[in-house]
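*Asks:* Sharing a structure here in structure tokens format.
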Amino acid sequence: MQLSVVIPCYNAAATIGEQLEALARQEWGGEWEVVVSDNGSTDGSPEIVNGFRDRVPNLRIVDSSAARGESHSRNGGIVQSRGAWILNCDADDVVADNYVAVMAEALSVHDFVACRLDAHRLNEKWQTESWPCGQESGLLDFSPPFLLSGGGGTLGFKRFVFDKVGGFDPAFRARADNDFCWRVQLAGFPLHFVAETAVHYRYPKEYWKMYRQSRVLARYSVLLYKNYQPLGMPRLPWKRALRGRPRWMRLLKQSRHLRRYDRASRAQFVRDLGHKVGRLEGSFRYRVLAL
């Protein structure tokens with residue numbers, strides 16, 4: 001088996017069928033498989049996956065329900081896969097029609113790759129206006145600046161790379177992709193950007209999901225900041241570390257006018273609020289000033 005596409009899955013019945021439809025359209029001459037790593041779904045996701053067995057090459061479901069979490073599920077799927085090359089996918093995204101062929105070609109040359117993210121196909125305009133996609137034309141950066149990274153569902157790597165760094169760290173409920181990318185690069189494997197294909201990324205539509213997503217991302221950004229300072233990440237200037245971005249006063253003023261905002265502005269406010277609360281939580285939890 002040359003290549004494995006690994007999809008962590010937890011209660012993804014609403015979206016995983018669209019991802020599997022996209023994988024069924026792939027054309028590549030090598031031997032490959034699709035491994036869905038089920039993290040204990042209760043919504044009928046496995047039944048939907050089984051419906052694609054005659055259309056998706058070497059489709060399998062493996063059990064990763066021993067512990068909850070995307071990193072655990074992703075690791076479990078990779079360990080139980082058979083390919084020498086691994087492509088990470090997410091159950092709520094959709095890969096481009098040339099995805100497998102282009103990523104396989106990239107992995108024939110490079111050990112570690114990430115493709116483009118496209119946020120326009122699966123989202124409405126107000127969603128993309130409230131949250132610009134940072135991986136449309138290059139890799140993702142971080143603040144304060146450190147190594148570049150790619151979204152977890154865009155990564156491809158050779159199995160020995162995964163083994164070298166020990167996989168994705170389950171301690172990160174979010175930002176595990178940043179942590180993985182940085183550990184791989186610190187181990188000596190450069191991250192190569194693949195512009196010739198893309199993953200179509202799905203944003204949440206509900207405001208509470210936007211808030212929760214931004215809050216968790218911000219909280220674990222603080223853990224990244226703490227963990228990687230000894231490895232070369234620069235410290236934030238103390239004024240910026242203390243007051244952060246956005247400022248509480250600005251959010252308070254905005255909250256008085258939310259009824260007059262359009263959907264994009266409301267979504268931006270919700271994301272900013274989640275970010276602020278998450279940074280505050282992370283600073284207390286990990287005992288580091290990074291508001």
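Starting from 1 in every chain, residues are counted up; chains themselves are A, B, ... following the order of the structure tokens, and ligands are numbered from 1 as listed.
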For A:Lys158, list every protein, DNA or RNA residue within 7 Å, evaluated using only C-alpha atoms, and leave out those in the same chain fewer than 5 positions away; present the list as a short mmCIF file (atom, residue, chain, number, x, y, z; two decimals) with C-alpha atoms, in the first residue's frame.

*Replies:*
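Output contents, as saved in part.cif:
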```cif
data_model
loop_
_atom_site.label_atom_id
_atom_site.label_comp_id
_atom_site.auth_asym_id
_atom_site.auth_seq_id
_atom_site.Cartn_x
_atom_site.Cartn_y
_atom_site.Cartn_z
CA ALA A 84 4.00 4.51 3.43
CA TRP A 85 2.60 7.98 2.74
CA ILE A 86 -0.17 9.57 4.83
CA ASP A 111 8.77 14.28 3.21
CA PHE A 112 6.26 16.78 4.63
#
```

*Asks:* What lies within 10 Å of A:Gly69 using only C-alpha atoms, ignoring chain neighbours under 4 positions off, as a list in words?

*Replies:*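 After dropping sequence-adjacent residues, the list is Pro8, Cys9, Tyr10, Asn39, Gly40, Ser64, Ser65, Ser73, Arg74, Pro170, Ala171, Phe172, Arg173 and Ala174 of chain A.
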
*Asks:* May I have the residues within 10 Å of A:Val100 as a VMD selection string, using only C-alpha atoms and disregarding those fewer than 6 positions away in the same chain?

*Replies:* chain A and resid 3 to 5 23 25 to 28 30 32 87 106 197

*Asks:* If DSSP is run on the backbone, what residues of stretch 42-187 of chain A are alpha helix (DSSP H)? A reply as an mmCIF file with N, CA and C atoms, in the first residue's frame would be ideal.

*Replies:*
```cif
data_model
loop_
_atom_site.group_PDB
_atom_site.id
_atom_site.type_symbol
_atom_site.label_atom_id
_atom_site.label_comp_id
_atom_site.auth_asym_id
_atom_site.auth_seq_id
_atom_site.Cartn_x
_atom_site.Cartn_y
_atom_site.Cartn_z
ATOM 1 N N SER A 45 -22.694 7.791 11.686
ATOM 2 C CA SER A 45 -21.574 8.036 10.766
ATOM 3 C C SER A 45 -21.018 6.747 10.164
ATOM 4 N N PRO A 46 -20.771 5.681 10.952
ATOM 5 C CA PRO A 46 -20.225 4.445 10.363
ATOM 6 C C PRO A 46 -21.118 3.863 9.274
ATOM 7 N N GLU A 47 -22.432 3.960 9.437
ATOM 8 C CA GLU A 47 -23.339 3.432 8.425
ATOM 9 C C GLU A 47 -23.204 4.209 7.113
ATOM 10 N N ILE A 48 -23.033 5.528 7.219
ATOM 11 C CA ILE A 48 -22.830 6.341 6.017
ATOM 12 C C ILE A 48 -21.527 5.950 5.333
ATOM 13 N N VAL A 49 -20.471 5.775 6.112
ATOM 14 C CA VAL A 49 -19.182 5.376 5.554
ATOM 15 C C VAL A 49 -19.292 4.030 4.847
ATOM 16 N N ASN A 50 -19.962 3.083 5.466
ATOM 17 C CA ASN A 50 -20.096 1.751 4.859
ATOM 18 C C ASN A 50 -20.814 1.799 3.516
ATOM 19 N N GLU A 70 -9.661 14.560 18.776
ATOM 20 C CA GLU A 70 -9.253 14.474 17.375
ATOM 21 C C GLU A 70 -7.840 13.932 17.222
ATOM 22 N N SER A 71 -6.913 14.371 18.076
ATOM 23 C CA SER A 71 -5.535 13.899 17.954
ATOM 24 C C SER A 71 -5.440 12.401 18.196
ATOM 25 N N HIS A 72 -6.143 11.936 19.219
ATOM 26 C CA HIS A 72 -6.148 10.489 19.486
ATOM 27 C C HIS A 72 -6.738 9.739 18.299
ATOM 28 N N SER A 73 -7.835 10.246 17.745
ATOM 29 C CA SER A 73 -8.473 9.593 16.611
ATOM 30 C C SER A 73 -7.570 9.610 15.382
ATOM 31 N N ARG A 74 -6.906 10.729 15.142
ATOM 32 C CA ARG A 74 -6.011 10.830 13.992
ATOM 33 C C ARG A 74 -4.834 9.873 14.144
ATOM 34 N N ASN A 75 -4.240 9.870 15.341
ATOM 35 C CA ASN A 75 -3.124 8.953 15.587
ATOM 36 C C ASN A 75 -3.545 7.498 15.407
ATOM 37 N N GLY A 76 -4.708 7.161 15.955
ATOM 38 C CA GLY A 76 -5.175 5.782 15.854
ATOM 39 C C GLY A 76 -5.394 5.349 14.417
ATOM 40 N N GLY A 77 -5.944 6.246 13.608
ATOM 41 C CA GLY A 77 -6.150 5.925 12.204
ATOM 42 C C GLY A 77 -4.844 5.740 11.459
ATOM 43 N N ILE A 78 -3.872 6.585 11.766
ATOM 44 C CA ILE A 78 -2.577 6.492 11.088
ATOM 45 C C ILE A 78 -1.860 5.199 11.483
ATOM 46 N N VAL A 79 -1.874 4.873 12.764
ATOM 47 C CA VAL A 79 -1.203 3.657 13.236
ATOM 48 C C VAL A 79 -1.815 2.414 12.579
ATOM 49 N N GLN A 80 -3.124 2.425 12.381
ATOM 50 C CA GLN A 80 -3.793 1.254 11.804
ATOM 51 C C GLN A 80 -3.857 1.292 10.277
ATOM 52 N N TYR A 99 -6.855 16.083 -5.728
ATOM 53 C CA TYR A 99 -6.143 16.099 -4.441
ATOM 54 C C TYR A 99 -5.169 14.936 -4.284
ATOM 55 N N VAL A 100 -5.623 13.720 -4.433
ATOM 56 C CA VAL A 100 -4.764 12.554 -4.175
ATOM 57 C C VAL A 100 -3.586 12.533 -5.137
ATOM 58 N N ALA A 101 -3.836 12.756 -6.412
ATOM 59 C CA ALA A 101 -2.760 12.690 -7.405
ATOM 60 C C ALA A 101 -1.706 13.764 -7.161
ATOM 61 N N VAL A 102 -2.139 14.982 -6.864
ATOM 62 C CA VAL A 102 -1.188 16.084 -6.669
ATOM 63 C C VAL A 102 -0.416 15.904 -5.364
ATOM 64 N N MET A 103 -1.092 15.509 -4.302
ATOM 65 C CA MET A 103 -0.399 15.326 -3.026
ATOM 66 C C MET A 103 0.565 14.135 -3.093
ATOM 67 N N ALA A 104 0.190 13.082 -3.816
ATOM 68 C CA ALA A 104 1.089 11.942 -3.985
ATOM 69 C C ALA A 104 2.339 12.351 -4.753
ATOM 70 N N GLU A 105 2.158 13.166 -5.783
ATOM 71 C CA GLU A 105 3.311 13.650 -6.532
ATOM 72 C C GLU A 105 4.232 14.480 -5.642
ATOM 73 N N ALA A 106 3.634 15.316 -4.783
ATOM 74 C CA ALA A 106 4.441 16.126 -3.868
ATOM 75 C C ALA A 106 5.214 15.247 -2.885
ATOM 76 N N LEU A 107 4.562 14.187 -2.395
ATOM 77 C CA LEU A 107 5.231 13.304 -1.433
ATOM 78 C C LEU A 107 6.283 12.416 -2.089
ATOM 79 N N LYS A 125 -20.802 34.211 1.978
ATOM 80 C CA LYS A 125 -19.906 35.365 1.923
ATOM 81 C C LYS A 125 -19.693 35.994 3.289
ATOM 82 N N TRP A 126 -20.754 36.083 4.098
ATOM 83 C CA TRP A 126 -20.620 36.720 5.408
ATOM 84 C C TRP A 126 -19.670 35.935 6.312
ATOM 85 N N GLN A 127 -19.600 34.616 6.121
ATOM 86 C CA GLN A 127 -18.689 33.805 6.925
ATOM 87 C C GLN A 127 -17.231 34.089 6.566
ATOM 88 N N THR A 128 -16.941 34.118 5.269
ATOM 89 C CA THR A 128 -15.557 34.359 4.853
ATOM 90 C C THR A 128 -15.128 35.798 5.131
ATOM 91 N N GLU A 129 -16.076 36.738 5.119
ATOM 92 C CA GLU A 129 -15.740 38.121 5.458
ATOM 93 C C GLU A 129 -15.376 38.257 6.933
ATOM 94 N N SER A 130 -15.978 37.438 7.776
ATOM 95 C CA SER A 130 -15.715 37.530 9.212
ATOM 96 C C SER A 130 -14.445 36.793 9.626
ATOM 97 N N ARG A 159 5.434 8.102 6.540
ATOM 98 C CA ARG A 159 5.186 7.454 7.828
ATOM 99 C C ARG A 159 6.360 7.617 8.786
ATOM 100 N N PHE A 160 7.581 7.580 8.280
ATOM 101 C CA PHE A 160 8.727 7.686 9.187
ATOM 102 C C PHE A 160 8.795 9.063 9.841
ATOM 103 N N VAL A 161 8.208 10.078 9.200
ATOM 104 C CA VAL A 161 8.137 11.410 9.807
ATOM 105 C C VAL A 161 7.204 11.379 11.009
ATOM 106 N N PHE A 162 6.038 10.791 10.820
ATOM 107 C CA PHE A 162 5.072 10.621 11.914
ATOM 108 C C PHE A 162 5.696 9.851 13.072
ATOM 109 N N ASP A 163 6.371 8.755 12.757
ATOM 110 C CA ASP A 163 7.002 7.940 13.796
ATOM 111 C C ASP A 163 8.110 8.703 14.519
ATOM 112 N N LYS A 164 8.842 9.516 13.779
ATOM 113 C CA LYS A 164 9.969 10.251 14.355
ATOM 114 C C LYS A 164 9.531 11.184 15.475
ATOM 115 N N VAL A 165 8.377 11.866 15.305
ATOM 116 C CA VAL A 165 7.944 12.850 16.300
ATOM 117 C C VAL A 165 6.878 12.302 17.239
ATOM 118 N N ALA A 176 -3.208 21.327 17.736
ATOM 119 C CA ALA A 176 -2.336 20.155 17.619
ATOM 120 C C ALA A 176 -1.622 20.147 16.280
ATOM 121 N N ASP A 177 -2.257 20.742 15.251
ATOM 122 C CA ASP A 177 -1.608 20.791 13.940
ATOM 123 C C ASP A 177 -0.396 21.714 13.964
ATOM 124 N N ASN A 178 -0.504 22.884 14.641
ATOM 125 C CA ASN A 178 0.659 23.759 14.800
ATOM 126 C C ASN A 178 1.786 23.037 15.510
ATOM 127 N N ASP A 179 1.435 22.396 16.621
ATOM 128 C CA ASP A 179 2.435 21.696 17.426
ATOM 129 C C ASP A 179 3.115 20.596 16.616
ATOM 130 N N PHE A 180 2.333 19.824 15.865
ATOM 131 C CA PHE A 180 2.893 18.749 15.050
ATOM 132 C C PHE A 180 3.824 19.317 13.982
ATOM 133 N N CYS A 181 3.369 20.350 13.284
ATOM 134 C CA CYS A 181 4.191 20.944 12.222
ATOM 135 C C CYS A 181 5.515 21.473 12.775
ATOM 136 N N TRP A 182 5.468 22.076 13.929
ATOM 137 C CA TRP A 182 6.689 22.651 14.502
ATOM 138 C C TRP A 182 7.646 21.563 14.959
ATOM 139 N N ARG A 183 7.114 20.508 15.579
ATOM 140 C CA ARG A 183 7.991 19.417 16.013
ATOM 141 C C ARG A 183 8.641 18.719 14.820
ATOM 142 N N VAL A 184 7.863 18.567 13.744
ATOM 143 C CA VAL A 184 8.427 17.930 12.547
ATOM 144 C C VAL A 184 9.543 18.791 11.963
ATOM 145 N N GLN A 185 9.336 20.099 11.884
ATOM 146 C CA GLN A 185 10.366 20.968 11.321
ATOM 147 C C GLN A 185 11.590 21.043 12.228
ATOM 148 N N LEU A 186 11.368 21.069 13.536
ATOM 149 C CA LEU A 186 12.499 21.068 14.461
ATOM 150 C C LEU A 186 13.274 19.758 14.397
#
```

*Asks:* Give me, as a list in words, all polymer residues having an atom no more than 7 Å from A:Leu148, counting only C-alpha atoms and skipping those fewer than 3 positions away in the same chain.

*Replies:* Leu139, Leu140 and Asp141 of chain A

*Asks:* Keeping only C-alpha atoms, take the residues you just selected and write them out as an mmCIF file, in the first residue's frame.

*Replies:*
```cif
data_model
loop_
_atom_site.group_PDB
_atom_site.id
_atom_site.type_symbol
_atom_site.label_atom_id
_atom_site.label_comp_id
_atom_site.auth_asym_id
_atom_site.auth_seq_id
_atom_site.Cartn_x
_atom_site.Cartn_y
_atom_site.Cartn_z
ATOM 1 C CA LEU A 139 1.502 28.428 4.889
ATOM 2 C CA LEU A 140 0.155 29.748 8.199
ATOM 3 C CA ASP A 141 2.182 31.989 10.466
#
```

*Asks:* Do a neighbour search on stretch 222-230 of chain A at 12 Å with only C-alpha atoms, toss out local chain neighbours closer than 2 positions, and write the hits as a PyMOL selection string.

*Replies:* chain A and resi 142-147+169+171-183+186+215-220+232-236+241+244+275-291

*Asks:* Output the selection as an mmCIF file, in the first residue's frame - C-alpha atoms for each residue.

*Replies:*
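Done, and the output landed in result.cif:
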```cif
data_model
loop_
_atom_site.group_PDB
_atom_site.id
_atom_site.type_symbol
_atom_site.label_atom_id
_atom_site.label_comp_id
_atom_site.auth_asym_id
_atom_site.auth_seq_id
_atom_site.Cartn_x
_atom_site.Cartn_y
_atom_site.Cartn_z
ATOM 1 C CA PHE A 142 1.813 32.593 14.202
ATOM 2 C CA SER A 143 2.077 35.488 16.637
ATOM 3 C CA PRO A 144 4.736 35.929 17.898
ATOM 4 C CA PRO A 145 6.427 34.708 14.692
ATOM 5 C CA PHE A 146 7.932 31.240 14.815
ATOM 6 C CA LEU A 147 7.836 28.361 12.314
ATOM 7 C CA ASP A 169 -0.118 15.409 20.883
ATOM 8 C CA ALA A 171 -2.748 17.275 25.177
ATOM 9 C CA PHE A 172 -3.821 19.838 22.562
ATOM 10 C CA ARG A 173 -7.600 19.941 22.084
ATOM 11 C CA ALA A 174 -6.829 22.585 19.457
ATOM 12 C CA ARG A 175 -3.611 23.743 17.781
ATOM 13 C CA ALA A 176 -2.336 20.155 17.619
ATOM 14 C CA ASP A 177 -1.608 20.791 13.940
ATOM 15 C CA ASN A 178 0.659 23.759 14.800
ATOM 16 C CA ASP A 179 2.435 21.696 17.426
ATOM 17 C CA PHE A 180 2.893 18.749 15.050
ATOM 18 C CA CYS A 181 4.191 20.944 12.222
ATOM 19 C CA TRP A 182 6.689 22.651 14.502
ATOM 20 C CA ARG A 183 7.991 19.417 16.013
ATOM 21 C CA LEU A 186 12.499 21.068 14.461
ATOM 22 C CA ARG A 215 -12.075 30.334 22.512
ATOM 23 C CA VAL A 216 -10.455 26.888 22.337
ATOM 24 C CA LEU A 217 -7.998 27.950 19.624
ATOM 25 C CA ALA A 218 -6.935 30.959 21.700
ATOM 26 C CA ARG A 219 -6.540 28.920 24.891
ATOM 27 C CA TYR A 220 -4.194 26.428 23.256
ATOM 28 C CA GLY A 232 13.290 29.849 20.144
ATOM 29 C CA MET A 233 9.870 31.501 19.981
ATOM 30 C CA PRO A 234 10.303 35.200 20.883
ATOM 31 C CA ARG A 235 8.524 36.649 23.890
ATOM 32 C CA LEU A 236 5.670 39.087 23.367
ATOM 33 C CA ALA A 241 1.188 40.468 26.379
ATOM 34 C CA GLY A 244 -3.634 41.680 23.932
ATOM 35 C CA HIS A 275 -10.416 34.790 21.335
ATOM 36 C CA LYS A 276 -10.204 37.197 24.249
ATOM 37 C CA VAL A 277 -11.802 34.823 26.745
ATOM 38 C CA GLY A 278 -9.623 31.927 25.540
ATOM 39 C CA ARG A 279 -6.409 33.921 25.925
ATOM 40 C CA LEU A 280 -7.450 34.904 29.442
ATOM 41 C CA GLU A 281 -8.208 31.284 30.341
ATOM 42 C CA GLY A 282 -4.935 30.088 28.839
ATOM 43 C CA SER A 283 -2.908 32.691 30.698
ATOM 44 C CA PHE A 284 -4.362 31.566 34.039
ATOM 45 C CA ARG A 285 -4.258 27.843 33.278
ATOM 46 C CA TYR A 286 -0.697 27.770 31.955
ATOM 47 C CA ARG A 287 0.651 30.569 34.157
ATOM 48 C CA VAL A 288 2.028 32.700 31.384
ATOM 49 C CA LEU A 289 1.100 36.267 30.450
ATOM 50 C CA ALA A 290 -0.289 36.204 26.918
ATOM 51 C CA LEU A 291 -3.580 38.120 26.903
#
```

*Asks:* Quote the spacing between atom CA of A:Phe157 and atom CA of A:Ala114 in Å to one decimal place.

*Replies:*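 These atoms are spaced 8.7 Å apart.
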
*Asks:* Which is closest to A:Phe269 among A:Thr15, A:Asn98, A:Ser221, A:Ser214, if we use only C-alpha atoms?

*Replies:*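 Closest to A:Phe269 of all the choices is A:Ser214.
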
*Asks:* Provide the atom CA of A:Gly150 to atom CA of A:Gln135 distance in Å, to one decimal place.

*Replies:*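 These two atoms are separated by 7.3 Å.
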
*Asks:* May I have all residues of stretch 21-141 of chain A that DSSP, computed from the backbone, assigns to strand (DSSP E or B), given as a PyMOL selection string?

*Replies:* chain A and resi 32-38+59-63+85-88+94-95+112-118+140

*Asks:* Output N, CA and C atoms for every residue in that selection, as a PDB file, in the first residue's frame.

*Replies:*
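The resulting file, out.pdb, is reproduced below:
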```pdb
ATOM      1  N   TRP A  32      -3.879   2.792  -3.074  1.00  0.00           N
ATOM      2  CA  TRP A  32      -4.183   3.653  -1.926  1.00  0.00           C
ATOM      3  C   TRP A  32      -5.447   3.196  -1.219  1.00  0.00           C
ATOM      4  N   GLU A  33      -5.607   3.676  -0.010  1.00  0.00           N
ATOM      5  CA  GLU A  33      -6.740   3.309   0.823  1.00  0.00           C
ATOM      6  C   GLU A  33      -7.284   4.551   1.530  1.00  0.00           C
ATOM      7  N   VAL A  34      -8.507   4.431   2.030  1.00  0.00           N
ATOM      8  CA  VAL A  34      -9.114   5.455   2.877  1.00  0.00           C
ATOM      9  C   VAL A  34      -9.465   4.808   4.208  1.00  0.00           C
ATOM     10  N   VAL A  35      -8.937   5.379   5.292  1.00  0.00           N
ATOM     11  CA  VAL A  35      -9.164   4.852   6.635  1.00  0.00           C
ATOM     12  C   VAL A  35      -9.942   5.885   7.438  1.00  0.00           C
ATOM     13  N   VAL A  36     -11.160   5.548   7.823  1.00  0.00           N
ATOM     14  CA  VAL A  36     -11.972   6.407   8.690  1.00  0.00           C
ATOM     15  C   VAL A  36     -11.786   5.930  10.117  1.00  0.00           C
ATOM     16  N   SER A  37     -11.248   6.806  10.955  1.00  0.00           N
ATOM     17  CA  SER A  37     -10.954   6.467  12.345  1.00  0.00           C
ATOM     18  C   SER A  37     -12.094   6.966  13.224  1.00  0.00           C
ATOM     19  N   ASP A  38     -12.982   6.055  13.602  1.00  0.00           N
ATOM     20  CA  ASP A  38     -14.193   6.442  14.330  1.00  0.00           C
ATOM     21  C   ASP A  38     -13.917   6.577  15.815  1.00  0.00           C
ATOM     22  N   LEU A  59     -11.658   1.148   1.296  1.00  0.00           N
ATOM     23  CA  LEU A  59     -12.235   1.913   2.411  1.00  0.00           C
ATOM     24  C   LEU A  59     -12.382   1.026   3.643  1.00  0.00           C
ATOM     25  N   ARG A  60     -11.882   1.523   4.771  1.00  0.00           N
ATOM     26  CA  ARG A  60     -11.998   0.790   6.031  1.00  0.00           C
ATOM     27  C   ARG A  60     -12.418   1.736   7.152  1.00  0.00           C
ATOM     28  N   ILE A  61     -13.102   1.196   8.160  1.00  0.00           N
ATOM     29  CA  ILE A  61     -13.370   1.916   9.407  1.00  0.00           C
ATOM     30  C   ILE A  61     -12.571   1.239  10.507  1.00  0.00           C
ATOM     31  N   VAL A  62     -11.821   2.034  11.270  1.00  0.00           N
ATOM     32  CA  VAL A  62     -11.094   1.487  12.415  1.00  0.00           C
ATOM     33  C   VAL A  62     -11.599   2.175  13.686  1.00  0.00           C
ATOM     34  N   ASP A  63     -11.478   1.490  14.779  1.00  0.00           N
ATOM     35  CA  ASP A  63     -11.998   1.984  16.063  1.00  0.00           C
ATOM     36  C   ASP A  63     -10.927   2.779  16.797  1.00  0.00           C
ATOM     37  N   TRP A  85       2.882   6.554   2.749  1.00  0.00           N
ATOM     38  CA  TRP A  85       2.596   7.978   2.740  1.00  0.00           C
ATOM     39  C   TRP A  85       1.214   8.199   3.346  1.00  0.00           C
ATOM     40  N   ILE A  86       1.083   9.278   4.127  1.00  0.00           N
ATOM     41  CA  ILE A  86      -0.166   9.566   4.833  1.00  0.00           C
ATOM     42  C   ILE A  86      -0.702  10.919   4.383  1.00  0.00           C
ATOM     43  N   LEU A  87      -2.000  10.970   4.064  1.00  0.00           N
ATOM     44  CA  LEU A  87      -2.694  12.225   3.833  1.00  0.00           C
ATOM     45  C   LEU A  87      -3.759  12.395   4.906  1.00  0.00           C
ATOM     46  N   ASN A  88      -3.706  13.512   5.612  1.00  0.00           N
ATOM     47  CA  ASN A  88      -4.720  13.825   6.608  1.00  0.00           C
ATOM     48  C   ASN A  88      -5.903  14.506   5.947  1.00  0.00           C
ATOM     49  N   VAL A  94     -13.956  19.077   2.232  1.00  0.00           N
ATOM     50  CA  VAL A  94     -14.093  18.400   0.935  1.00  0.00           C
ATOM     51  C   VAL A  94     -12.813  18.633   0.147  1.00  0.00           C
ATOM     52  N   VAL A  95     -12.168  17.565  -0.300  1.00  0.00           N
ATOM     53  CA  VAL A  95     -10.923  17.709  -1.059  1.00  0.00           C
ATOM     54  C   VAL A  95     -11.227  18.016  -2.524  1.00  0.00           C
ATOM     55  N   PHE A 112       7.293  16.134   3.820  1.00  0.00           N
ATOM     56  CA  PHE A 112       6.260  16.785   4.629  1.00  0.00           C
ATOM     57  C   PHE A 112       5.647  17.910   3.803  1.00  0.00           C
ATOM     58  N   VAL A 113       4.326  17.875   3.590  1.00  0.00           N
ATOM     59  CA  VAL A 113       3.688  18.837   2.695  1.00  0.00           C
ATOM     60  C   VAL A 113       2.356  19.301   3.281  1.00  0.00           C
ATOM     61  N   ALA A 114       1.879  20.440   2.772  1.00  0.00           N
ATOM     62  CA  ALA A 114       0.548  20.959   3.106  1.00  0.00           C
ATOM     63  C   ALA A 114       0.001  21.660   1.875  1.00  0.00           C
ATOM     64  N   CYS A 115      -1.268  21.436   1.576  1.00  0.00           N
ATOM     65  CA  CYS A 115      -1.872  22.051   0.391  1.00  0.00           C
ATOM     66  C   CYS A 115      -2.637  23.318   0.774  1.00  0.00           C
ATOM     67  N   ARG A 116      -3.231  23.942  -0.233  1.00  0.00           N
ATOM     68  CA  ARG A 116      -4.019  25.159  -0.020  1.00  0.00           C
ATOM     69  C   ARG A 116      -5.315  24.848   0.731  1.00  0.00           C
ATOM     70  N   LEU A 117      -5.839  25.874   1.417  1.00  0.00           N
ATOM     71  CA  LEU A 117      -7.193  25.849   1.953  1.00  0.00           C
ATOM     72  C   LEU A 117      -8.047  26.813   1.139  1.00  0.00           C
ATOM     73  N   ASP A 118      -9.245  26.381   0.798  1.00  0.00           N
ATOM     74  CA  ASP A 118     -10.211  27.254   0.124  1.00  0.00           C
ATOM     75  C   ASP A 118     -11.447  27.357   0.998  1.00  0.00           C
ATOM     76  N   LEU A 140       0.653  28.911   7.108  1.00  0.00           N
ATOM     77  CA  LEU A 140       0.155  29.748   8.199  1.00  0.00           C
ATOM     78  C   LEU A 140       1.298  30.222   9.078  1.00  0.00           C
TER      79      LEU A 140
END
```

*Asks:* Nearest to A:Val109: which of A:Leu191, A:Ala91, A:Ala66, A:Ile16 is it, counting only C-alpha atoms?

*Replies:* A:Leu191

*Asks:* Find, counting only C-alpha atoms, the residue in A:Arg271, A:His192, A:Arg266, A:His110 that gets nearest to A:Arg245.

*Replies:*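 Of A:Arg271, A:His192, A:Arg266, A:His110, the one nearest A:Arg245, counting only C-alpha atoms, is A:Arg271.
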
*Asks:* Tell me which protein, DNA and RNA residues are within 12 Å of A:Ala267, counting only C-alpha atoms, leaving out same-chain ones fewer than 5 positions away, and put them as an NGL selection string.

*Replies:* :A and (125-132 or 203-211 or 213-214 or 258 or 261-262 or 272-274)

*Asks:* Print the selection's residues with C-alpha atoms to a file, as an mmCIF file, in the first residue's frame.

*Replies:*
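out25.cif was written with the following content:
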```cif
data_model
loop_
_atom_site.group_PDB
_atom_site.id
_atom_site.type_symbol
_atom_site.label_atom_id
_atom_site.label_comp_id
_atom_site.auth_asym_id
_atom_site.auth_seq_id
_atom_site.Cartn_x
_atom_site.Cartn_y
_atom_site.Cartn_z
ATOM 1 C CA LYS A 125 -19.906 35.365 1.923
ATOM 2 C CA TRP A 126 -20.620 36.720 5.408
ATOM 3 C CA GLN A 127 -18.689 33.805 6.925
ATOM 4 C CA THR A 128 -15.557 34.359 4.853
ATOM 5 C CA GLU A 129 -15.740 38.121 5.458
ATOM 6 C CA SER A 130 -15.715 37.530 9.212
ATOM 7 C CA TRP A 131 -12.794 35.075 9.127
ATOM 8 C CA PRO A 132 -10.292 35.358 6.254
ATOM 9 C CA TYR A 203 -16.726 27.228 8.765
ATOM 10 C CA PRO A 204 -19.363 26.915 11.491
ATOM 11 C CA LYS A 205 -22.583 28.876 10.879
ATOM 12 C CA GLU A 206 -23.895 29.093 14.436
ATOM 13 C CA TYR A 207 -22.565 31.960 16.544
ATOM 14 C CA TRP A 208 -22.077 29.744 19.607
ATOM 15 C CA LYS A 209 -19.913 27.357 17.575
ATOM 16 C CA MET A 210 -17.819 30.270 16.307
ATOM 17 C CA TYR A 211 -17.354 31.492 19.857
ATOM 18 C CA GLN A 213 -13.966 27.438 18.271
ATOM 19 C CA SER A 214 -12.187 30.768 18.740
ATOM 20 C CA LEU A 258 -24.648 44.505 17.934
ATOM 21 C CA TYR A 261 -24.432 44.970 12.812
ATOM 22 C CA ASP A 262 -24.698 42.765 9.730
ATOM 23 C CA ASP A 272 -13.036 38.314 18.890
ATOM 24 C CA LEU A 273 -14.847 37.723 22.181
ATOM 25 C CA GLY A 274 -14.052 33.996 22.101
#
```

*Asks:* Could you tell me which of A:Asn11, A:Ser108, A:Gln268, A:Ser255 comes closest to A:Thr42 if we count only C-alpha atoms?

*Replies:*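 For A:Thr42, the nearest of the candidates is A:Asn11.
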
*Asks:* I'd like the interatomic distance between atom CA of A:Pro246 and atom CA of A:Asn123, to a tenth of an Å.

*Replies:* 24.9 Å
